Every structure is written in C-alpha cells, then in structure tokens.
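Q: Sending over structure-v7.txt (compact mmCIF, C-alpha atoms).
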```
# COMPACT_ATOMS: atom_id res chain seq x y z
CA ALA M 1 0.00 0.00 0.00
CA GLN M 2 1.11 3.53 -0.66
CA ARG M 3 2.19 5.48 2.38
CA VAL M 4 4.15 8.60 3.21
CA THR M 5 5.62 8.91 6.69
CA GLN M 6 6.91 12.08 8.29
CA PRO M 7 8.09 11.01 11.74
CA GLU M 8 8.43 14.48 13.23
CA LYS M 9 5.35 16.58 13.97
CA LEU M 10 7.43 19.53 15.11
CA LEU M 11 11.00 20.55 14.43
CA SER M 12 12.52 23.59 16.13
CA VAL M 13 15.90 24.99 15.12
CA PHE M 14 17.74 28.26 15.56
CA LYS M 15 18.27 30.65 12.68
CA GLY M 16 21.38 29.69 10.75
CA ALA M 17 21.31 26.07 11.84
CA PRO M 18 20.96 23.22 9.36
CA VAL M 19 17.59 21.61 9.05
CA GLU M 20 16.46 18.23 7.80
CA LEU M 21 12.82 17.22 7.53
CA LYS M 22 12.46 13.49 7.18
CA CYS M 23 10.18 11.69 4.76
CA ASN M 24 9.93 7.98 4.07
CA TYR M 25 7.60 6.34 1.64
CA SER M 26 6.30 2.99 0.56
CA TYR M 27 5.09 2.45 -2.98
CA SER M 28 4.94 -0.56 -5.22
CA GLY M 29 5.98 1.24 -8.39
CA SER M 30 8.10 4.20 -9.41
CA PRO M 31 6.87 7.16 -7.43
CA GLU M 32 6.96 10.85 -8.06
CA LEU M 33 7.97 12.67 -4.83
CA PHE M 34 7.21 16.23 -3.81
CA TRP M 35 7.58 18.63 -0.95
CA TYR M 36 4.77 21.11 -0.34
CA VAL M 37 4.93 24.07 2.03
CA GLN M 38 2.10 25.84 3.81
CA TYR M 39 2.83 29.20 5.37
CA SER M 40 0.56 30.41 8.13
CA ARG M 41 -3.08 30.32 7.01
CA GLN M 42 -2.17 30.09 3.35
CA ARG M 43 -2.75 27.43 0.73
CA LEU M 44 -0.34 24.59 0.21
CA GLN M 45 2.12 25.28 -2.55
CA LEU M 46 4.69 23.17 -4.26
CA LEU M 47 8.20 23.66 -2.94
CA LEU M 48 10.07 21.17 -5.06
CA ARG M 49 9.78 17.84 -6.83
CA HIS M 50 12.40 15.16 -7.16
CA ILE M 51 12.46 15.00 -10.95
CA SER M 52 13.44 18.65 -11.17
CA ARG M 53 16.54 18.17 -9.02
CA GLU M 54 16.43 21.86 -8.21
CA SER M 55 17.05 23.97 -5.14
CA ILE M 56 14.19 26.22 -4.10
CA LYS M 57 14.68 28.83 -1.37
CA GLY M 58 17.86 26.98 -0.44
CA PHE M 59 16.03 23.69 0.08
CA THR M 60 17.06 20.46 -1.62
CA ALA M 61 15.76 16.93 -1.46
CA ASP M 62 17.30 13.77 -2.82
CA LEU M 63 15.33 10.67 -3.61
CA ASN M 64 17.00 7.62 -2.08
CA LYS M 65 15.28 4.58 -3.52
CA GLY M 66 17.34 2.19 -1.42
CA GLU M 67 16.18 3.79 1.81
CA THR M 68 12.83 4.88 0.30
CA SER M 69 13.44 8.36 1.62
CA PHE M 70 13.07 11.90 0.33
CA HIS M 71 14.38 14.09 3.13
CA LEU M 72 14.24 17.87 2.79
CA LYS M 73 17.39 19.75 3.72
CA LYS M 74 18.60 23.30 4.08
CA PRO M 75 22.09 24.19 5.34
CA PHE M 76 21.13 27.47 7.03
CA ALA M 77 17.54 27.92 8.21
CA GLN M 78 15.89 31.33 8.09
CA GLU M 79 13.00 32.61 10.18
CA GLU M 80 10.84 32.91 7.09
CA ASP M 81 11.19 29.17 6.59
CA SER M 82 8.86 28.63 9.54
CA ALA M 83 5.89 26.79 8.06
CA MET M 84 4.20 23.43 7.73
CA TYR M 85 5.93 21.06 5.34
CA TYR M 86 4.25 18.11 3.68
CA CYS M 87 5.95 15.33 1.79
CA ALA M 88 3.81 13.88 -0.98
CA LEU M 89 3.89 10.97 -3.38
CA SER M 90 1.98 10.61 -6.61
CA SER M 91 1.14 7.49 -8.51
CA TYR M 92 2.94 6.75 -11.75
CA ASN M 93 0.13 8.22 -13.80
CA PHE M 94 0.22 11.35 -11.66
CA ASN M 95 -3.48 11.15 -10.89
CA LYS M 96 -3.45 10.62 -7.16
CA PHE M 97 -1.47 12.31 -4.43
CA TYR M 98 -0.68 10.86 -1.01
CA PHE M 99 0.49 13.24 1.68
CA GLY M 100 2.37 12.68 4.89
CA SER M 101 1.03 14.04 8.15
CA GLY M 102 3.25 17.10 7.93
CA THR M 103 6.10 18.58 9.94
CA LYS M 104 5.85 22.00 11.49
CA LEU M 105 9.19 23.77 11.21
CA ASN M 106 9.82 26.53 13.71
CA VAL M 107 12.93 28.61 13.13
CA LYS M 108 13.82 30.61 16.21
CA PRO M 109 15.74 33.90 16.07
CA ASP R 1 -6.09 31.60 -14.37
CA ALA R 2 -7.04 32.51 -10.80
CA GLY R 3 -6.09 29.08 -9.57
CA VAL R 4 -8.30 26.71 -7.64
CA ILE R 5 -11.16 28.65 -6.13
CA GLN R 6 -12.98 27.49 -3.03
CA SER R 7 -15.99 28.95 -1.31
CA PRO R 8 -16.80 29.90 1.30
CA ARG R 9 -13.47 30.72 2.97
CA HIS R 10 -15.01 30.36 6.39
CA GLU R 11 -18.13 28.55 7.53
CA VAL R 12 -19.56 28.42 11.00
CA THR R 13 -22.60 26.24 11.45
CA GLU R 14 -24.57 24.52 14.15
CA MET R 15 -24.42 20.82 14.73
CA GLY R 16 -26.98 19.00 12.64
CA GLN R 17 -27.03 21.50 9.82
CA GLU R 18 -26.10 20.70 6.24
CA VAL R 19 -22.86 22.19 4.96
CA THR R 20 -21.85 22.51 1.32
CA LEU R 21 -18.32 23.36 0.29
CA ARG R 22 -17.59 24.39 -3.28
CA CYS R 23 -14.59 24.14 -5.55
CA LYS R 24 -13.73 25.38 -9.00
CA PRO R 25 -10.62 23.63 -10.35
CA ILE R 26 -8.13 25.14 -12.73
CA SER R 27 -9.45 25.11 -16.26
CA GLY R 28 -8.12 22.14 -18.21
CA HIS R 29 -7.28 20.06 -15.16
CA ASN R 30 -8.97 16.68 -15.16
CA SER R 31 -8.19 15.48 -11.65
CA LEU R 32 -9.77 16.94 -8.53
CA PHE R 33 -9.08 16.11 -4.91
CA TRP R 34 -10.78 16.95 -1.63
CA TYR R 35 -8.57 16.94 1.47
CA ARG R 36 -9.29 17.54 5.14
CA GLN R 37 -6.64 19.10 7.34
CA THR R 38 -6.62 18.79 11.12
CA MET R 39 -3.94 19.18 13.74
CA MET R 40 -4.27 15.57 14.79
CA ARG R 41 -4.31 13.85 11.40
CA GLY R 42 -2.62 16.29 9.08
CA LEU R 43 -3.82 16.19 5.47
CA GLU R 44 -6.25 13.39 4.65
CA LEU R 45 -7.43 12.58 1.15
CA LEU R 46 -11.22 12.30 1.23
CA ILE R 47 -12.08 11.68 -2.40
CA TYR R 48 -10.50 11.91 -5.80
CA PHE R 49 -12.21 12.53 -9.17
CA ASN R 50 -10.76 11.96 -12.61
CA ASN R 51 -12.64 13.31 -15.62
CA ASN R 52 -15.57 14.11 -13.30
CA VAL R 53 -15.86 10.51 -12.15
CA PRO R 54 -15.21 9.56 -8.51
CA ILE R 55 -12.28 7.16 -8.60
CA ASP R 56 -11.51 6.65 -4.94
CA ASP R 57 -13.75 7.70 -2.06
CA SER R 58 -12.22 5.42 0.52
CA GLY R 59 -11.13 8.43 2.56
CA MET R 60 -14.65 9.72 3.07
CA PRO R 61 -15.15 9.28 6.82
CA GLU R 62 -18.79 8.19 6.79
CA ASP R 63 -22.07 8.40 4.97
CA ARG R 64 -22.66 11.91 6.22
CA PHE R 65 -20.07 13.01 3.68
CA SER R 66 -20.80 13.10 -0.03
CA ALA R 67 -19.10 14.71 -3.01
CA LYS R 68 -20.17 15.44 -6.54
CA MET R 69 -18.57 16.73 -9.69
CA PRO R 70 -21.36 17.50 -12.16
CA ASN R 71 -18.98 19.03 -14.70
CA ALA R 72 -15.30 19.71 -15.25
CA SER R 73 -15.44 23.13 -13.62
CA PHE R 74 -17.30 22.50 -10.39
CA SER R 75 -17.33 20.17 -7.41
CA THR R 76 -19.10 20.11 -4.07
CA LEU R 77 -18.42 18.41 -0.78
CA LYS R 78 -21.49 18.08 1.40
CA ILE R 79 -21.77 17.13 5.06
CA GLN R 80 -25.24 16.26 6.30
CA PRO R 81 -25.75 16.36 9.21
CA SER R 82 -22.62 18.15 10.41
CA GLU R 83 -20.97 17.36 13.74
CA PRO R 84 -18.40 19.27 15.84
CA ARG R 85 -15.72 16.70 14.98
CA ASP R 86 -16.04 17.73 11.34
CA SER R 87 -14.43 21.06 12.21
CA ALA R 88 -11.31 21.34 10.04
CA VAL R 89 -9.89 23.07 7.01
CA TYR R 90 -11.07 21.47 3.79
CA PHE R 91 -8.85 21.85 0.76
CA CYS R 92 -9.64 21.24 -2.86
CA ALA R 93 -6.82 20.60 -5.32
CA SER R 94 -6.61 19.91 -9.02
CA SER R 95 -4.03 18.56 -11.40
CA SER R 96 -3.74 17.48 -15.01
CA ASP R 97 -2.26 14.45 -16.66
CA ARG R 98 0.33 16.69 -18.27
CA ASN R 99 1.49 18.40 -15.09
CA THR R 100 2.50 16.37 -12.10
CA GLU R 101 1.85 19.18 -9.61
CA ALA R 102 -1.34 19.42 -7.55
CA PHE R 103 -2.59 22.98 -7.18
CA PHE R 104 -4.45 23.80 -4.00
CA GLY R 105 -7.23 26.21 -3.22
CA GLN R 106 -7.17 28.53 -0.23
CA GLY R 107 -9.27 26.12 1.77
CA THR R 108 -12.53 26.41 3.67
CA ARG R 109 -12.25 26.63 7.43
CA LEU R 110 -15.30 24.85 8.82
CA THR R 111 -16.37 25.23 12.42
CA VAL R 112 -19.31 23.20 13.67
CA VAL R 113 -20.60 24.32 17.05
```
Would you mind writing the file's structure down as structure tokens?

A:
Amino acid sequence: AQRVTQPEKLLSVFKGAPVELKCNYSYSGSPELFWYVQYSRQRLQLLLRHISRESIKGFTADLNKGETSFHLKKPFAQEEDSAMYYCALSSYNFNKFYFGSGTKLNVKP
Amino acid sequence: DAGVIQSPRHEVTEMGQEVTLRCKPISGHNSLFWYRQTMMRGLELLIYFNNNVPIDDSGMPEDRFSAKMPNASFSTLKIQPSEPRDSAVYFCASSSDRNTEAFFGQGTRLTVV
C-alpha cells in the first residue's frame, strides 16, 4: 500500500542552523515525490519535486530509492522558513497524491 | 487563471445543519481532490475525481459526507448532518495528466458548534 511517513510533527531549530525534515515512503511502483509548504493560514504550494533536481529557497531533497526516503534539507535555516511542510507521493500516472502528516518547522531567532 | 477557487473561505454552522463546500478547479485540469486538514491527522485525502468521475472515495469518513462533480469546472463536498468533529480546514486541489503538480485552493475553514 502507498504510504508517506513524516516522523516528526514539530521541528525547532535556531536561525542559521541546518535543518532536515524526514520523509519515508512505501510504494509498489516508481513514485513521483514532492515537498509542499504551507505558510501560516495560506494554501499549500509546491516547494520542489524530485524529478526537477532543483534547489528552491535553499532547500534540496534527494530521492534515495534504497532507503525509500526523500528528506528535505537546508544548510542554514531562516526565520521565514517557519511553516508546515508536507511530503507527498503521486502514482505513476500522476493522478493521485498521497500526503504525509506534515512537519511543522519553527525557526527561532 | 485565478487558480483553484474554493468557497466559502469560512463557515460556522450549528451541529446537525447541512454544509456545502464548493470548488472550481483550474481550467483544463482533469483530476480533482478533496482533502481535510486537522492538527491531529494532518492532510487526509477524502475523495478523488478523474474526468468528473469519482475514482476513490475510501477516505470519506462516513455516509454523512458526499461529493459530486457535475462538470469539469465544479465540485461540491457536502456534510449532512454536520458534527463538531467535522471542524477542520477542507482543501480542494486539481491537477492534469500533463502536469505532475497538484494545485491547491485557499481552503474552507469549517467550524461546527
């Protein structure tokens, strides 16, 4: 069965510290992985996707098929990064999205 | 395109009343999703439509919940009768076969008292 697991509900770091938000998945085929971000009381928006292999707002994520992980990383956290982050997986035909339970990132000054 | 449009933005209703949430997906998108967001459970997929047809409604919590998509540009999520535990933010999202990204609406914050 398809599943996305984000083990941390809350992650607090100080400004300038590295941050890693964990995401593990289970899927029987070749998944498409995403990270979505939700700033306070706003809509969810795409942060990055694994096929793009890009860095957005200093964030990167590498798909590790051996460990079935797609952890989100940023070397130096900023206060404006404080938000809710959701890891998501879509089926091979891109028609269904499964989301993790989310991790709230709190970057302290 | 204005993106996915949901209405109302906020809804406060009394227990037992019927609630209807509305969604207009992005034009040209053929997949539509309804999600419920709560502190305890995060983002739960309630139902998913493809080409206006419900494909998977296994996430719908119980018979009090129903969803329709009468055409490609409109969907509703109805709760009848509503209960306080239904209080949450309900998101609608749409995507197309050509674009792997799901676009979300602003959400409807439902409070059942």

Q: Counting only C-alpha atoms, which residues of chain R come no farther than 12 Å from chain M, as an MDAnalysis selection string?

A: chainID R and resid 3:6 9:10 29:51 54:57 59 89:109

Q: So which residues touch Val112 of chain R within 12 Å, counting only C-alpha atoms, skipping near sequence neighbours fewer than 6 positions away, as a PyMOL selection string?

A: chain R and resi 10-19+79-89

Q: Take atom CA of Ala2 of chain R and atom CA of Ser75 of chain R and report the distance between them in Å, one decimal.

A: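 Going from atom CA of Ala2 of chain R over to atom CA of Ser75 of chain R, I get 16.4 Å.
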
Q: Please check which residues have atoms at most 6 Å from (-17.8, 14.5, -3.0) in the file's coordinates, counting all atoms listed in the file, and write them as a list in words.

A: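 Counting all atoms listed in the file, I find these residues within 6 Å of (-17.8, 14.5, -3.0): Ser66, Ala67, Lys68, Thr76 and Leu77 of chain R.
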
Q: Report, in Å with one decimal, the straight-line distance from atom CA of Cys23 of chain R to atom CA of Ser7 of chain R.

A: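 Here the two named atoms are 6.6 Å from each other.
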
Q: What separation in Å, quoted to one decimal, exists between atom CA of Ser82 of chain M and atom CA of Ser12 of chain M?

A: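 Atom CA of Ser12 of chain M lies at a distance of 9.1 Å from atom CA of Ser82 of chain M.
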
Q: For Leu21 of chain M, please output as a list of chain:residue names all residues within 10 Å (counting only C-alpha atoms; exclusion window: fewer than 4 positions along the same chain).

A: M:Gln6, M:Pro7, M:Glu8, M:Lys9, M:Leu10, M:Leu11, M:Ala61, M:Phe70, M:His71, M:Leu72, M:Lys73, M:Lys74, M:Tyr85, M:Tyr86, M:Cys87, M:Gly102, M:Thr103, M:Lys104, M:Leu105

Q: Considering all atoms listed in the file, state which residue in the set M:Ser30, M:Thr68, M:Gln38, M:Ala83 is at the smallest distance from Ile51 of chain M.

A: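 Among M:Ser30, M:Thr68, M:Gln38, M:Ala83, it is M:Ser30 that comes nearest to Ile51 of chain M.
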
Q: Around (7.2, 9.6, 2.5) in the file's frame, which residues reach within 6 Å when counting only C-alpha atoms? Return as a list in words?

A: Val4, Thr5, Cys23, Asn24, Tyr25 and Cys87 of chain M

Q: Reconstruct N, CA, C and O atoms of segment 73-96 of chain M; output as a PDB file, in the coordinates of the input.

A:
```pdb
ATOM      1  N   LYS M  73      16.255  19.199   2.983  1.00  0.00           N
ATOM      2  CA  LYS M  73      17.390  19.750   3.720  1.00  0.00           C
ATOM      3  C   LYS M  73      17.625  21.204   3.345  1.00  0.00           C
ATOM      4  O   LYS M  73      17.357  21.630   2.212  1.00  0.00           O
ATOM      5  N   LYS M  74      18.147  21.936   4.335  1.00  0.00           N
ATOM      6  CA  LYS M  74      18.600  23.300   4.080  1.00  0.00           C
ATOM      7  C   LYS M  74      19.770  23.564   5.017  1.00  0.00           C
ATOM      8  O   LYS M  74      19.673  23.296   6.216  1.00  0.00           O
ATOM      9  N   PRO M  75      20.898  24.047   4.495  1.00  0.00           N
ATOM     10  CA  PRO M  75      22.090  24.190   5.340  1.00  0.00           C
ATOM     11  C   PRO M  75      21.964  25.287   6.396  1.00  0.00           C
ATOM     12  O   PRO M  75      22.515  25.143   7.488  1.00  0.00           O
ATOM     13  N   PHE M  76      21.237  26.356   6.082  1.00  0.00           N
ATOM     14  CA  PHE M  76      21.130  27.470   7.030  1.00  0.00           C
ATOM     15  C   PHE M  76      19.670  27.941   7.079  1.00  0.00           C
ATOM     16  O   PHE M  76      19.211  28.633   6.169  1.00  0.00           O
ATOM     17  N   ALA M  77      18.964  27.575   8.112  1.00  0.00           N
ATOM     18  CA  ALA M  77      17.540  27.920   8.210  1.00  0.00           C
ATOM     19  C   ALA M  77      17.349  29.411   8.469  1.00  0.00           C
ATOM     20  O   ALA M  77      18.152  30.049   9.168  1.00  0.00           O
ATOM     21  N   GLN M  78      16.276  29.931   7.888  1.00  0.00           N
ATOM     22  CA  GLN M  78      15.890  31.330   8.090  1.00  0.00           C
ATOM     23  C   GLN M  78      14.529  31.382   8.788  1.00  0.00           C
ATOM     24  O   GLN M  78      13.732  30.452   8.687  1.00  0.00           O
ATOM     25  N   GLU M  79      14.279  32.502   9.470  1.00  0.00           N
ATOM     26  CA  GLU M  79      13.000  32.610  10.180  1.00  0.00           C
ATOM     27  C   GLU M  79      11.812  32.493   9.255  1.00  0.00           C
ATOM     28  O   GLU M  79      10.781  31.933   9.643  1.00  0.00           O
ATOM     29  N   GLU M  80      11.950  32.982   8.043  1.00  0.00           N
ATOM     30  CA  GLU M  80      10.840  32.910   7.090  1.00  0.00           C
ATOM     31  C   GLU M  80      10.574  31.502   6.585  1.00  0.00           C
ATOM     32  O   GLU M  80       9.594  31.265   5.860  1.00  0.00           O
ATOM     33  N   ASP M  81      11.431  30.568   6.961  1.00  0.00           N
ATOM     34  CA  ASP M  81      11.190  29.170   6.590  1.00  0.00           C
ATOM     35  C   ASP M  81      10.171  28.512   7.524  1.00  0.00           C
ATOM     36  O   ASP M  81       9.721  27.392   7.259  1.00  0.00           O
ATOM     37  N   SER M  82       9.830  29.189   8.594  1.00  0.00           N
ATOM     38  CA  SER M  82       8.860  28.630   9.540  1.00  0.00           C
ATOM     39  C   SER M  82       7.533  28.394   8.815  1.00  0.00           C
ATOM     40  O   SER M  82       6.933  29.333   8.276  1.00  0.00           O
ATOM     41  N   ALA M  83       7.097  27.165   8.809  1.00  0.00           N
ATOM     42  CA  ALA M  83       5.890  26.790   8.060  1.00  0.00           C
ATOM     43  C   ALA M  83       5.611  25.313   8.319  1.00  0.00           C
ATOM     44  O   ALA M  83       6.363  24.634   9.018  1.00  0.00           O
ATOM     45  N   MET M  84       4.536  24.843   7.702  1.00  0.00           N
ATOM     46  CA  MET M  84       4.200  23.430   7.730  1.00  0.00           C
ATOM     47  C   MET M  84       4.693  22.818   6.428  1.00  0.00           C
ATOM     48  O   MET M  84       4.440  23.370   5.354  1.00  0.00           O
ATOM     49  N   TYR M  85       5.373  21.706   6.519  1.00  0.00           N
ATOM     50  CA  TYR M  85       5.930  21.060   5.340  1.00  0.00           C
ATOM     51  C   TYR M  85       5.324  19.667   5.182  1.00  0.00           C
ATOM     52  O   TYR M  85       5.291  18.879   6.121  1.00  0.00           O
ATOM     53  N   TYR M  86       4.852  19.405   3.983  1.00  0.00           N
ATOM     54  CA  TYR M  86       4.250  18.110   3.680  1.00  0.00           C
ATOM     55  C   TYR M  86       5.040  17.421   2.578  1.00  0.00           C
ATOM     56  O   TYR M  86       5.316  18.010   1.533  1.00  0.00           O
ATOM     57  N   CYS M  87       5.368  16.183   2.812  1.00  0.00           N
ATOM     58  CA  CYS M  87       5.950  15.330   1.790  1.00  0.00           C
ATOM     59  C   CYS M  87       4.801  14.623   1.081  1.00  0.00           C
ATOM     60  O   CYS M  87       3.810  14.231   1.717  1.00  0.00           O
ATOM     61  N   ALA M  88       4.899  14.484  -0.226  1.00  0.00           N
ATOM     62  CA  ALA M  88       3.810  13.880  -0.980  1.00  0.00           C
ATOM     63  C   ALA M  88       4.357  12.941  -2.046  1.00  0.00           C
ATOM     64  O   ALA M  88       5.470  13.118  -2.546  1.00  0.00           O
ATOM     65  N   LEU M  89       3.541  11.966  -2.378  1.00  0.00           N
ATOM     66  CA  LEU M  89       3.890  10.970  -3.380  1.00  0.00           C
ATOM     67  C   LEU M  89       2.734  10.891  -4.372  1.00  0.00           C
ATOM     68  O   LEU M  89       1.572  10.930  -3.976  1.00  0.00           O
ATOM     69  N   SER M  90       3.055  10.801  -5.637  1.00  0.00           N
ATOM     70  CA  SER M  90       1.980  10.610  -6.610  1.00  0.00           C
ATOM     71  C   SER M  90       2.203   9.308  -7.358  1.00  0.00           C
ATOM     72  O   SER M  90       3.328   8.846  -7.535  1.00  0.00           O
ATOM     73  N   SER M  91       1.096   8.746  -7.779  1.00  0.00           N
ATOM     74  CA  SER M  91       1.140   7.490  -8.510  1.00  0.00           C
ATOM     75  C   SER M  91       1.762   7.707  -9.880  1.00  0.00           C
ATOM     76  O   SER M  91       1.860   8.834 -10.350  1.00  0.00           O
ATOM     77  N   TYR M  92       2.164   6.630 -10.521  1.00  0.00           N
ATOM     78  CA  TYR M  92       2.940   6.750 -11.750  1.00  0.00           C
ATOM     79  C   TYR M  92       2.211   7.504 -12.838  1.00  0.00           C
ATOM     80  O   TYR M  92       2.803   8.133 -13.693  1.00  0.00           O
ATOM     81  N   ASN M  93       0.876   7.475 -12.791  1.00  0.00           N
ATOM     82  CA  ASN M  93       0.130   8.220 -13.800  1.00  0.00           C
ATOM     83  C   ASN M  93      -0.246   9.606 -13.309  1.00  0.00           C
ATOM     84  O   ASN M  93      -1.047  10.279 -13.926  1.00  0.00           O
ATOM     85  N   PHE M  94       0.347   9.993 -12.187  1.00  0.00           N
ATOM     86  CA  PHE M  94       0.220  11.350 -11.660  1.00  0.00           C
ATOM     87  C   PHE M  94      -1.208  11.743 -11.351  1.00  0.00           C
ATOM     88  O   PHE M  94      -1.538  12.902 -11.306  1.00  0.00           O
ATOM     89  N   ASN M  95      -2.095  10.799 -11.115  1.00  0.00           N
ATOM     90  CA  ASN M  95      -3.480  11.150 -10.890  1.00  0.00           C
ATOM     91  C   ASN M  95      -3.927  11.076  -9.445  1.00  0.00           C
ATOM     92  O   ASN M  95      -5.066  11.347  -9.138  1.00  0.00           O
ATOM     93  N   LYS M  96      -3.041  10.685  -8.554  1.00  0.00           N
ATOM     94  CA  LYS M  96      -3.450  10.620  -7.160  1.00  0.00           C
ATOM     95  C   LYS M  96      -2.262  11.000  -6.279  1.00  0.00           C
ATOM     96  O   LYS M  96      -1.153  10.556  -6.521  1.00  0.00           O
TER      97      LYS M  96
END
```
